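**Student:** To start, I am sharing the structure in question, which I have written as C-alpha cells.
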Amino acid sequence: MRLAHSAVSIPLFAALLSALPFGPSVLEAQTAVPADALYKNSAMPVEKRVADLLGRMTTEEKAAMLSGSGWMESAPIDRLGIPAIKMADGPMGVRSWAGSSAITSAANPPVKVLTTSFPSGVAMAATWDTELVEREGQAIAQEVKALGRDMILGPTVNINRVPLWGRNFEGYGEDPYLAARMGVAYIKGVQGEGVIPSVKHFAANNEEFERHRIDAKIDERTLHEIYLPAFKAAVQDADVWTVMSAYNKLNGVHLAENVPLLHDVLQKEFGFKGFVVSDWGSTYSTAATVNAGMDLEMPGGPPMQAWLANPRMQSSGNGAGWLTAEKVLAEVKAGHISQATLDENVGRILRVIFVSGVFDHPHPGGGEVDTPAQQAVARQGATEGIVLLKNAPSLLPLDAKKIRSIAVIGPNAAVARTGGGGSSLVLPKYAVAPLDGIRERVGSGIEVKYALGVGMEGEDPVQDTPEARAKLLQEATDAAAHADVAVVVVGRYSKLESESFDVKTMDLPAGQDELLEAVEQANPHTVVVLNTGDPVTMSKWIDKTPALVEMWYGGQEGGHALASILFGNANPSGKLPVSFPKKWEDSPAYGHYPGENLTVDYAEGIYVGYRYFDTKKVEPQFPFGFGLSYTTFEYSRLAVVPGKIIGDRPIVVSLQVTNTGTRAGAEVVELYVHDGHSKIDRPVRELKGFRRVELNPGQTKTVLFVLGRSALSYWSPDKKDWVAEPGTFEVQVGASSRDIRLHAPLEFQK
Ligand code: BGC
C-alpha cells in the first residue's frame, strides 16, 4: 500500500489504524483490486461507483485524499487507480508555468508554457455575451487538457463591491444576475470538455485588504440577494463540479470552516454535490474544517510544508497543513470526525473524478495551445468587451482616409497590459499593444507617432525625476499638437491592480491626469483609452474629452481589438458591468471599507452598484449597463404575455429592437424589474434579463425574455426563502440602468 506523498509515518499509521472502527484492514487493503471491480466500470451509475470505491478504501487512504499531494495536485491513490486531479490556475486562461507559477508544473525543471491570454473577467462581462463566454470556457478547457491537466481554478464570480478591490478585473461586475449568467456560461464551456472548473471564492471575498483575517459582516438578505446568487446559479444552473472557499471570514468564521455557508447554504439550500477545495492557504483547523464540508485542502505535500515554513507566509495570515492524513486520522480516532463524514467528503471528491471523466479518460496532454481558434475567441472577447463611453462630436470611428497622422501616447500605449496581477495572470506567446494594433491597422498610409507621455507609476525610476517627467510631457504634447488625432492610452498594470492588495486610489496613476489635460489642450481631437479593471476618477479631464473608450485588460488581442474599434472595423457593443462613480466618496461602500479592527461591515446592504446610485439618486459618471455604439437602436412594442404571473407559471416578455443607423452593430437589451408596491425596502430596479442582438442597418429583431416568480422575489430572513409580494410590478427595458426605453406593468398573483 502506498500513501501518496504523505508525510505520515508508518508506525503512527499502524497505531491509528488499529484503533479505527471501520474500513478494510491493512491486509485487505493490500489485496489487489479485481479488474472487474464495479467502480472501474464506466457504464455503472456514478453513485454506485462512489459507494463501491469507498467500500474498498482504508480509512488511511480516505484521510490522505483530503489534502493535496503537491501545489496543484490532489492526492492519487495508486492502489485503487484513483488519479491525482491536476490543476491549473485561471480564470482568464491557463496561468503560465513560469516564474513563481512554475510550481504548477509536474516537470522538473519546470517547463515554461505560454498559453492564450483571454480578456479579464470584467471585460468578458462587458460583452454581455454568454455564448461567447461559454466558448471562452471551452477554449480554456481545451488548453488545460492539451497541457495534461484536469482542472482550471475559475471562474471568479465575487461581486465588485468597491472600486478599489485589487481583483475587480477578475470578477464579472457588480450585478448578481449578470455575474451568475457569465459564471454559468464559463462553467458550461469548461465542463463540456470534461475539465473541472472551480467557481471562486465562496464567498464575500470582495477586498484584498488583510484577506486572510478580515471578517465580512453581512446580513442574510444581502448575502442571498447580492453575494450568493452567482454561486447558486453555478450549482443549480451549471451543476458545477467544484467550489473554492474564500480566504476571509464571514460573520466571524473563516470560510473554510463556515458551517452556515458551506453546509447550510451550499449543500442544503443549493444542493451542491461536488467538492469544496480550499483557497491556497485558507485552512485553520482539522475537525471543524472537515465537518463543515470543506473537502480538499490545497496546497498539500512537500510544497505546502516548504511554504508553511516561510515566516512571510505565516505573518500574512495564511493557514495550511491542517488536513494532512496524520491530522485527519488523529481526529477520526478522537471521535471528532465521524467515519460517515469522512466518507461524505471523500465521496464528493470521487464523484467529481467519475463525473468529469478524469477517472475513465485521463488527460495525457500533448495537444496544441494558443491555436488560431483560441486566439479568435480571445480577440472577439476583447473587441466585444470594449465600451465606448463618450463620443460627443462623433470623433470615432476614425476615418483612415481622412487622417494623415496620429499620435499614440501614454504609458499603456506601447506595452500590452493584458491582465491584472496575481494568480490569474497569463503569460502569452505574443501580446498586441495598442500601438502595435494601430500601426498594423493603418499600414504605411498614415504616420503614427508614439510618445510615452509619462512613465507608469513605480515601473522605472529613471522616468520619475521632475526633469524626465517634464521632457516626456513636452514630447507628448508636441506629438499631439502635430497630429490629426491623438490617442492616449492610460491606466494601470499588473503591479498596481492585483490580487493580494487593493488599488490604493480611484485616481489614475501618478502623472496620467496631467498627461490627459495637456494632450487635450494640445489637440481637440483626442481619444482617451482606459486600460484598467476598475473605474477611475475623471473629473480633471472628462468635460474636455471628446471620445472615451474603456478597453479593460483585453488579454493578448487587446491591441487588435482596440484598433478595430477606433477605426470602425468593429462597432462597439460593450456595456459597463459596473457603475463608474464620479469619485470614490460617491461609492456605496465608502465609509464601510476596508473595515476597522479586521472587521468590515457591509453596511450598505443590498445597495451595491446601480442599486445604490439609482435608488438613492446619486449621479454616477457612467451608469451600469451603459455603452455607446456607432449606430442607433430603437426599442418598440413591449408586450408582457400574459400580463400576469400566477404562482410558478412563467410569462414571456417580448419587444422589438431596430437598428436605425447606418452601420451593422449589436445592442445589449437590458430588462429590469421594478417593485413599486413592496412593503419592504427594495432597489428601484434590478436586472433580471439581458440579450445581445446583432442587427444590420434597418433590421428589426424580436427579443424574448422568460420571467418567473424568482425575478420578482426578495430574500426574506424571516421565511428563510424568496418571497414575491402579490401586486403590480413594472418590467423596464432599456439600454442602461438609467436609460429605460419601455416599461409595462406585470401582475403577480400567488
Ligand atoms: C487565489 C486563488 C488561486 C489560488 C491558487 C490564491 O491565492 O486566491 O484565486 O486560484 O491562489 O493559485
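Labels for the C-alpha cells follow display order: chains A, B, ..., residues from 1 in each chain, ligands from 1.
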Which residues of chain A sit at most 8 Å from ligand 1, using only C-alpha atoms and all ligand atoms? Give each one's shortest atom pair and distance in Å (one decimal place), in chain and ascending residue order, as CSV.

**Tutor:**
```
residue,atom,partner,partner_atom_place_in_ligand_line,distance
A:Met72,CA,ligand 1,5 (C),7.8
A:Asp89,CA,ligand 1,10 (O),5.3
A:Gly90,CA,ligand 1,10 (O),6.5
A:Ser101,CA,ligand 1,12 (O),7.9
A:Leu153,CA,ligand 1,10 (O),5.0
A:Gly154,CA,ligand 1,10 (O),7.1
A:Thr156,CA,ligand 1,9 (O),7.5
A:Lys200,CA,ligand 1,9 (O),6.9
A:His201,CA,ligand 1,9 (O),7.0
A:Ala246,CA,ligand 1,8 (O),7.4
A:Tyr247,CA,ligand 1,8 (O),7.3
A:Asp279,CA,ligand 1,6 (C),5.6
A:Trp280,CA,ligand 1,11 (O),4.9
A:Gly281,CA,ligand 1,7 (O),7.7
A:Gly422,CA,ligand 1,7 (O),7.5
A:Ser423,CA,ligand 1,12 (O),5.0
A:Ser424,CA,ligand 1,9 (O),7.2
A:Glu499,CA,ligand 1,8 (O),7.2
A:Ser500,CA,ligand 1,7 (O),7.6
```

**Student:** Please dump the current selection as a PDB file, in the first residue's frame; keep C-alpha atoms.

**Tutor:**
```pdb
ATOM      1  CA  MET A  72      -1.531  21.913  -7.801  1.00  0.00           C
ATOM      2  CA  ASP A  89      -4.690  28.421 -12.300  1.00  0.00           C
ATOM      3  CA  GLY A  90      -7.168  30.600 -14.130  1.00  0.00           C
ATOM      4  CA  SER A 101       3.821  29.517 -11.022  1.00  0.00           C
ATOM      5  CA  LEU A 153      -9.273  27.411 -10.953  1.00  0.00           C
ATOM      6  CA  GLY A 154     -12.074  29.678 -12.126  1.00  0.00           C
ATOM      7  CA  THR A 156     -14.218  34.262 -10.241  1.00  0.00           C
ATOM      8  CA  LYS A 200     -14.486  31.002  -6.602  1.00  0.00           C
ATOM      9  CA  HIS A 201     -14.145  32.418  -3.963  1.00  0.00           C
ATOM     10  CA  ALA A 246     -12.553  32.015   0.246  1.00  0.00           C
ATOM     11  CA  TYR A 247      -9.718  33.296   2.438  1.00  0.00           C
ATOM     12  CA  ASP A 279      -8.206  28.592  -1.436  1.00  0.00           C
ATOM     13  CA  TRP A 280      -4.458  28.166  -1.258  1.00  0.00           C
ATOM     14  CA  GLY A 281      -3.628  28.562   2.409  1.00  0.00           C
ATOM     15  CA  GLY A 422      -1.739  37.620  -9.240  1.00  0.00           C
ATOM     16  CA  SER A 423      -2.732  34.044  -9.843  1.00  0.00           C
ATOM     17  CA  SER A 424      -4.832  34.870 -12.909  1.00  0.00           C
ATOM     18  CA  GLU A 499      -4.527  40.051  -6.227  1.00  0.00           C
ATOM     19  CA  SER A 500      -3.036  40.381  -2.691  1.00  0.00           C
TER      20      SER A 500
END
```

**Student:** Need to verify the contact set: Ala735 of chain A, 7 Å, only C-alpha atoms, exclusion of same-chain residues closer than 6 positions in sequence. Can you return it as a PDB file with N, CA and C atoms, in the first residue's frame?

**Tutor:**
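Below is the file part_31.pdb, written as the result:
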```
ATOM      1  N   GLY A 625     -24.493  49.250 -17.148  1.00  0.00           N
ATOM      2  CA  GLY A 625     -25.186  48.848 -18.376  1.00  0.00           C
ATOM      3  C   GLY A 625     -25.013  49.815 -19.531  1.00  0.00           C
ATOM      4  N   PHE A 626     -24.227  50.870 -19.321  1.00  0.00           N
ATOM      5  CA  PHE A 626     -24.099  51.915 -20.337  1.00  0.00           C
ATOM      6  C   PHE A 626     -22.999  51.598 -21.339  1.00  0.00           C
ATOM      7  N   VAL A 668     -27.079  45.516 -26.587  1.00  0.00           N
ATOM      8  CA  VAL A 668     -27.391  44.716 -25.404  1.00  0.00           C
ATOM      9  C   VAL A 668     -28.669  45.296 -24.806  1.00  0.00           C
ATOM     10  N   VAL A 669     -29.716  44.497 -24.862  1.00  0.00           N
ATOM     11  CA  VAL A 669     -31.014  44.919 -24.329  1.00  0.00           C
ATOM     12  C   VAL A 669     -31.096  44.449 -22.881  1.00  0.00           C
ATOM     13  N   GLU A 670     -31.385  45.359 -21.981  1.00  0.00           N
ATOM     14  CA  GLU A 670     -31.385  45.013 -20.551  1.00  0.00           C
ATOM     15  C   GLU A 670     -32.808  45.062 -20.000  1.00  0.00           C
TER      16      GLU A 670
END
```

**Student:** List as a PyMOL selection string the protein and nucleic acid residues near Ala407 of chain A, meaning an atom at most 12 Å away when only C-alpha atoms are counted, but skip any in the same chain fewer than 2 places from it.

**Tutor:** chain A and resi 403-405+409-410+413-414+434-435+438-439+446-453+475-489+519+522-523+525-528

**Student:** Using only C-alpha atoms for the distances, tell me which of A:Met298, A:Leu147, A:Ser710, A:Gly194 is nearest to Asp360 of chain A.

**Tutor:** A:Gly194

**Student:** Please return as a ChimeraX atom specification: the residues of segment 437-636 of chain A that backbone DSSP assigns to strand (DSSP E or B).

**Tutor:** /A:447-451,485-491,498,501,526-531,547-550,580,596,599-601,622,628,633-636

**Student:** Store the residues picked out above, limited to N, CA and C atoms, as a compact mmCIF listing (two decimals), in the first residue's frame.

**Tutor:**
```txt
# COMPACT_ATOMS: atom_id res chain seq x y z
N GLU A 447 0.91 58.41 -40.84
CA GLU A 447 2.08 58.49 -39.96
C GLU A 447 1.64 58.26 -38.51
N VAL A 448 2.30 57.32 -37.86
CA VAL A 448 1.98 57.05 -36.45
C VAL A 448 3.16 57.49 -35.59
N LYS A 449 2.92 58.49 -34.72
CA LYS A 449 4.00 58.95 -33.82
C LYS A 449 3.69 58.45 -32.42
N TYR A 450 4.70 57.97 -31.77
CA TYR A 450 4.50 57.45 -30.42
C TYR A 450 5.22 58.32 -29.39
N ALA A 451 4.56 58.57 -28.28
CA ALA A 451 5.21 59.25 -27.15
C ALA A 451 4.73 58.62 -25.86
N VAL A 485 -4.97 63.41 -35.04
CA VAL A 485 -5.70 62.81 -33.92
C VAL A 485 -4.69 62.33 -32.88
N ALA A 486 -5.06 62.46 -31.60
CA ALA A 486 -4.22 61.86 -30.54
C ALA A 486 -5.02 60.76 -29.85
N VAL A 487 -4.38 59.62 -29.67
CA VAL A 487 -4.99 58.53 -28.91
C VAL A 487 -4.12 58.33 -27.67
N VAL A 488 -4.69 58.56 -26.50
CA VAL A 488 -3.89 58.45 -25.27
C VAL A 488 -4.37 57.24 -24.48
N VAL A 489 -3.47 56.30 -24.28
CA VAL A 489 -3.85 55.07 -23.57
C VAL A 489 -3.26 55.14 -22.16
N VAL A 490 -4.16 55.28 -21.19
CA VAL A 490 -3.73 55.40 -19.80
C VAL A 490 -4.33 54.24 -19.00
N GLY A 491 -3.92 54.13 -17.76
CA GLY A 491 -4.49 53.07 -16.91
C GLY A 491 -3.46 52.54 -15.94
N SER A 498 -4.02 44.27 -8.62
CA SER A 498 -3.59 42.88 -8.47
C SER A 498 -4.27 42.19 -7.31
N PHE A 501 -3.42 42.79 -2.88
CA PHE A 501 -3.57 44.12 -2.28
C PHE A 501 -4.63 44.88 -3.06
N THR A 526 -8.82 64.37 -29.40
CA THR A 526 -8.12 63.41 -28.55
C THR A 526 -9.07 62.29 -28.11
N VAL A 527 -8.63 61.08 -28.33
CA VAL A 527 -9.39 59.90 -27.87
C VAL A 527 -8.68 59.37 -26.62
N VAL A 528 -9.41 59.29 -25.52
CA VAL A 528 -8.82 58.74 -24.30
C VAL A 528 -9.22 57.26 -24.19
N VAL A 529 -8.22 56.42 -23.99
CA VAL A 529 -8.48 54.98 -23.85
C VAL A 529 -8.06 54.56 -22.44
N LEU A 530 -8.99 53.95 -21.72
CA LEU A 530 -8.68 53.46 -20.38
C LEU A 530 -8.33 51.98 -20.46
N ASN A 531 -7.22 51.62 -19.84
CA ASN A 531 -6.74 50.23 -19.82
C ASN A 531 -6.66 49.83 -18.33
N ALA A 547 -13.77 61.93 -26.89
CA ALA A 547 -14.07 60.48 -27.05
C ALA A 547 -13.35 59.68 -25.98
N LEU A 548 -14.09 58.77 -25.36
CA LEU A 548 -13.54 57.97 -24.27
C LEU A 548 -13.92 56.51 -24.47
N VAL A 549 -12.92 55.66 -24.33
CA VAL A 549 -13.11 54.21 -24.57
C VAL A 549 -12.54 53.45 -23.37
N GLU A 550 -13.28 52.48 -22.85
CA GLU A 550 -12.74 51.58 -21.81
C GLU A 550 -12.39 50.25 -22.47
N PHE A 580 -19.66 53.45 -12.90
CA PHE A 580 -18.44 54.25 -12.70
C PHE A 580 -18.83 55.45 -11.83
N GLU A 596 -12.59 48.20 10.12
CA GLU A 596 -11.77 48.55 11.29
C GLU A 596 -11.62 47.32 12.15
N THR A 599 -12.57 44.01 10.81
CA THR A 599 -13.97 43.71 10.54
C THR A 599 -14.48 44.72 9.52
N VAL A 600 -15.10 44.22 8.47
CA VAL A 600 -15.71 45.14 7.50
C VAL A 600 -17.22 44.91 7.49
N ASP A 601 -17.92 45.97 7.81
CA ASP A 601 -19.38 45.90 7.90
C ASP A 601 -19.95 46.28 6.54
N PHE A 622 -20.68 57.24 -15.17
CA PHE A 622 -21.33 56.45 -16.22
C PHE A 622 -22.10 55.33 -15.53
N LEU A 628 -21.98 53.10 -25.67
CA LEU A 628 -22.46 53.69 -26.93
C LEU A 628 -22.09 52.80 -28.11
N PHE A 633 -30.22 52.51 -31.93
CA PHE A 633 -31.21 51.44 -31.81
C PHE A 633 -32.51 52.00 -31.26
N GLU A 634 -33.59 51.50 -31.80
CA GLU A 634 -34.90 51.92 -31.31
C GLU A 634 -35.60 50.71 -30.69
N TYR A 635 -36.22 50.92 -29.56
CA TYR A 635 -36.94 49.85 -28.87
C TYR A 635 -38.44 50.08 -29.09
N SER A 636 -39.19 49.04 -29.36
CA SER A 636 -40.64 49.22 -29.55
C SER A 636 -41.40 47.96 -29.17
```

**Student:** Name all residues at most 7 Å from Phe118 of chain A (count only C-alpha atoms; drop same-chain ones fewer than 4 positions away) and give them as a count of residues only.

**Tutor:** 6

**Student:** Please report the interatomic distance between atom CA of His674 of chain A and atom CA of Glu730 of chain A in Å with one decimal.

**Tutor:**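 Here the two named atoms are 5.0 Å from each other.
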
**Student:** Nearest to Thr116 of chain A: which of A:Gln138, A:Gln374, A:Asn251, A:Ser42 is it, counting only C-alpha atoms?

**Tutor:** A:Gln374
